[in-house]
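Notes follow the structure.
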Amino acid sequence: MKERLLEFLAYLKIGQTKFEEKVGLSRGLINNMKGEISLKSLKKITEAYPELNESWLRAGEGDMIKEKNVQKNEVENNQGIVGIQGNGHTINNNPNDISNLIKMVADKDYIIAQLRKKIEDKHDNMVAMLDEKERSCVELLAEKDRFIMEMVRERNDIAKLKLERENENLLRMDEMHKQLFELQNSLISLINKMNK
């Protein structure tokens, strides 16, 4: 029986001392066990661990665990729920267990709240970054448009200036032609006078 009890402890992944304390057995009982244990001790073990197959523990008959799936067995009496057993763990209706559960739930809620805040902060940061990038893109596009308009304006100004210069040159050439024509007429008149 001692070997089977040690096998059950290995399944639960707890040590002898912890098991003895949890069940309410005297310390060192399992270590000093030579044969069978008392019915009283056996009853304490099966009450603390209802999933344990008593026939297997006493005589090695059947499976160690009655049901392989995790059980939740609520035992009720006149005062309400006495305890919840499952997968080798028992939560009794005692203030320490309840306060531990309350603390665990509070810790879980705190962690969830912290994670939610981190997610919200990251979301806000990403939105701010996207807004900033969008603003930068809009500014760059506006700058590009200004640059293109300036280039077009400059090209137009250069073309206009070039046209004005060409017009001025044409006017000068016309003026020079006129002067040459007048000079030619004057020379012809002078030659005609001299020939008379």
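The way I read the labels, and the way they are meant: chains A, B, ... in the order of the structure tokens, residue 1 as the first residue of every chain, and ligand 1 as the first ligand shown, with later ones counted on from there.
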Residues of chain A in strand (DSSP E) according to DSSP, as an MDAnalysis selection string?
chainID A and resid 73:77 80:86 89:92
- [ ] Find the residues near Lys66 in chain A: any atom within 7 Å, counting only C-alpha atoms, skip ones fewer than 5 places away on the same chain, and give them as a VMD selection string.
- [x] chain A and resid 51 to 53
What does the distance from CA of Ile65 in chain A to CA of Pro50 in chain A come to in Å, to one decimal?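 Between these atoms lies a distance of 9.0 Å.
Pairwise distance (CA of Met64 in chain A, CA of Ala48 in chain A) equals 14.9 Å.
With CA of Leu5 in chain A on one side and CA of Leu57 in chain A on the other, the separation reads 6.7 Å.
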inquiry  = Could you go through chain A and tell me which residues DSSP, when run on the backbone, assigns to helix (DSSP H, G or I), listing them as a PyMOL selection string?
reply    = chain A and resi 2-12+16-23+39-48+54-59+95-195
